[in-house]
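See below for the structure under consideration.
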Amino acid sequence: MKFATLSVRPLGLRRAAALLCLAGAAAWLAGHSRPAHAQGGFPDKPVTIVIPFAAGGPTDVVARMLAVPMGKSLGQPVIVENAAGAGGTIAAAKVARAPANGYTVFLHHMGMATAPALYKRLSFDPVKDFEPIGQVVDVPMTLLARKDFPATDLQGVLGYIKANKGKVTLANAGLGAVSHLCGLLFMTQIGEELTTVPYKGTGPAMTDLLGGQVDLLCDQTTQTVPFIKENRVKVIGVAMPRRLAALPNVPTLDEQGLKGFEVKVWHGLYAPRGTPPEALKKLNEALRVALQDPVVTQRLAELSSEVPPMDKVTPEGLRTHLAAEIAKWAPVIRQAGVYAD
C-alpha cells in the first residue's frame, strides 16, 4: 500500500504540472492568434458611416453598398447610421464633433461644398473640421422636359425660353437640392430667368413633370434613366463632359453648345479633424477595395453611377475636388441670393 501511495503522488504532480503548462500555452496562443487590430490597432470595434439623409435615398444606397466590402477589409462590421435634416448640416456637425479616432466617418455628396454659401450660419467648416478619406461615387445629372414639350434639344429649349419669357417652369427638389443647384447654374449660363417651382423632394417634382404640370427638371440618372428609357419624358442632354454608357445616344449639354456645363452628384468620405493617420490609411484602403469589388461596380453601373479614377479615391484627391467645388458653387449661389437659413 505504501508503494501504491508513493507512486500515485508523483503521477498526480506531473499531471497537475502538465495541465498548468497546457493552460499557459493555451493562454499564450489565444493572445497571439488574435488579429493585429484586436491588440490596440485600428479598428478593434465596428466603424459607423453617418449618412445625412433618410434611409432609401441615393446616398444611403451607396453607403449600404460599400459597408459590407469595407467591413471585410477592415475586419470589423461597418454600420450605416442615418441622421437626416437641414440639408445634411445636422449630420455634418455631429461627425465634426465626434471623437477623432476613425470609428465615426461621414459620407456626403456635393452638399459638403455648397453648404458654406447656402448657409449664413454654419456650425462646421467642411475644410477645417474634417479629414478627407477619398472620393466615392459620381452620379451624373440630366436635363429633362415634359413629354409634350415643343423642343427636343438644347437649342430648341433656348429658343422656346426666349420666346416665352417668364412662362417656362423649372422644377427642383427644394432649396439647396442638387436639382436646384443644377437649375441655378443652367440659368446663369444661358443668361435667362425661369420660373422655379420647388418641391419637397425629387419624387413630387418628377411626378409633376410626368404629368405635364412643369416644363423642365434637372435630376440625377439614378432617378431619371428609367423614365427616359420608357419615353415618359424628353431628355434634353447630359450634364457631363462625355456621353454616358447608359444613355449612349443622348448628347451632352456641352456638345450642344453649353460649354463647360457639368453637374454631378459626387460623394466623398470624411473623418473628423485629427483622426490618426493609421486609421485614415486603413479606411482609405478599405474604400478602394470596396469600389473595385465586382458586385459593387456592377450595381453602380446599373444605377448609371460611376467610380472616379483611383487617383481621386485618395485624401488629396478629395481635398482638391472639395476646394474646387466650393469655388465653383459659391458665386452661383451668391448671385442667385438664395440661402437655406
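Following the order of the C-alpha cells, first chain is A, next is B, and so on, with residues numbered from 1 inside each chain and ligands from 1 in the order they appear.
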
With a cut-off of 9 Å, could you pull out the residues of segment 145-199 of chain A touching segment 257-264 of chain A and give me the nearest pair of atoms for each, distance in Å to one decimal, using only C-alpha atoms, ordered by chain and ascending number, as a Markdown table?
| residue | atom | partner | partner_atom | distance |
| --- | --- | --- | --- | --- |
| A:Leu154 | CA | A:Gly257 | CA | 8.0 |
| A:Gln155 | CA | A:Gly257 | CA | 8.1 |
| A:Val178 | CA | A:Lys264 | CA | 8.4 |
| A:Leu181 | CA | A:Val263 | CA | 8.7 |
| A:Cys182 | CA | A:Val263 | CA | 6.4 |
| A:Leu185 | CA | A:Phe261 | CA | 8.2 |
| A:Phe186 | CA | A:Phe261 | CA | 7.9 |
| A:Gln189 | CA | A:Leu258 | CA | 7.4 |
| A:Ile190 | CA | A:Leu258 | CA | 7.9 |

Pull C-alpha atoms from the residues just selected and write them as a JSON list (two decimals), in the first residue's frame.
[["chain", "number", "residue", "atom", "x", "y", "z"],
["A", 154, "LEU", "CA", -30.87, 72.37, -76.15],
["A", 155, "GLN", "CA", -31.10, 74.94, -78.94],
["A", 178, "VAL", "CA", -28.74, 69.24, -56.38],
["A", 181, "LEU", "CA", -28.25, 73.98, -57.88],
["A", 182, "CYS", "CA", -28.21, 72.47, -61.36],
["A", 185, "LEU", "CA", -26.15, 77.00, -62.93],
["A", 186, "PHE", "CA", -28.26, 76.43, -66.05],
["A", 189, "GLN", "CA", -25.00, 80.04, -68.15],
["A", 190, "ILE", "CA", -27.89, 80.73, -70.53]]

Determine, for each residue of segment 136-203 of chain A having at least one atom at most 8 Å from an atom of segment 237-240 of chain A, the closest pair of atoms and their separation in Å to one decimal, counting only C-alpha atoms; order by chain and ascending number, as a Markdown table.
| residue | atom | partner | partner_atom | distance |
| --- | --- | --- | --- | --- |
| A:Pro140 | CA | A:Met240 | CA | 6.5 |
| A:Met141 | CA | A:Ala239 | CA | 5.3 |
| A:Thr142 | CA | A:Val238 | CA | 4.5 |
| A:Leu143 | CA | A:Gly237 | CA | 5.5 |
| A:Leu144 | CA | A:Gly237 | CA | 7.4 |
| A:Asp153 | CA | A:Gly237 | CA | 7.3 |
| A:Leu154 | CA | A:Gly237 | CA | 7.2 |

Residue with smallest distance to Val233 of chain A - pool A:Pro43, A:Gly317, A:Pro251, A:Gly211, counting only C-alpha atoms: A:Gly211
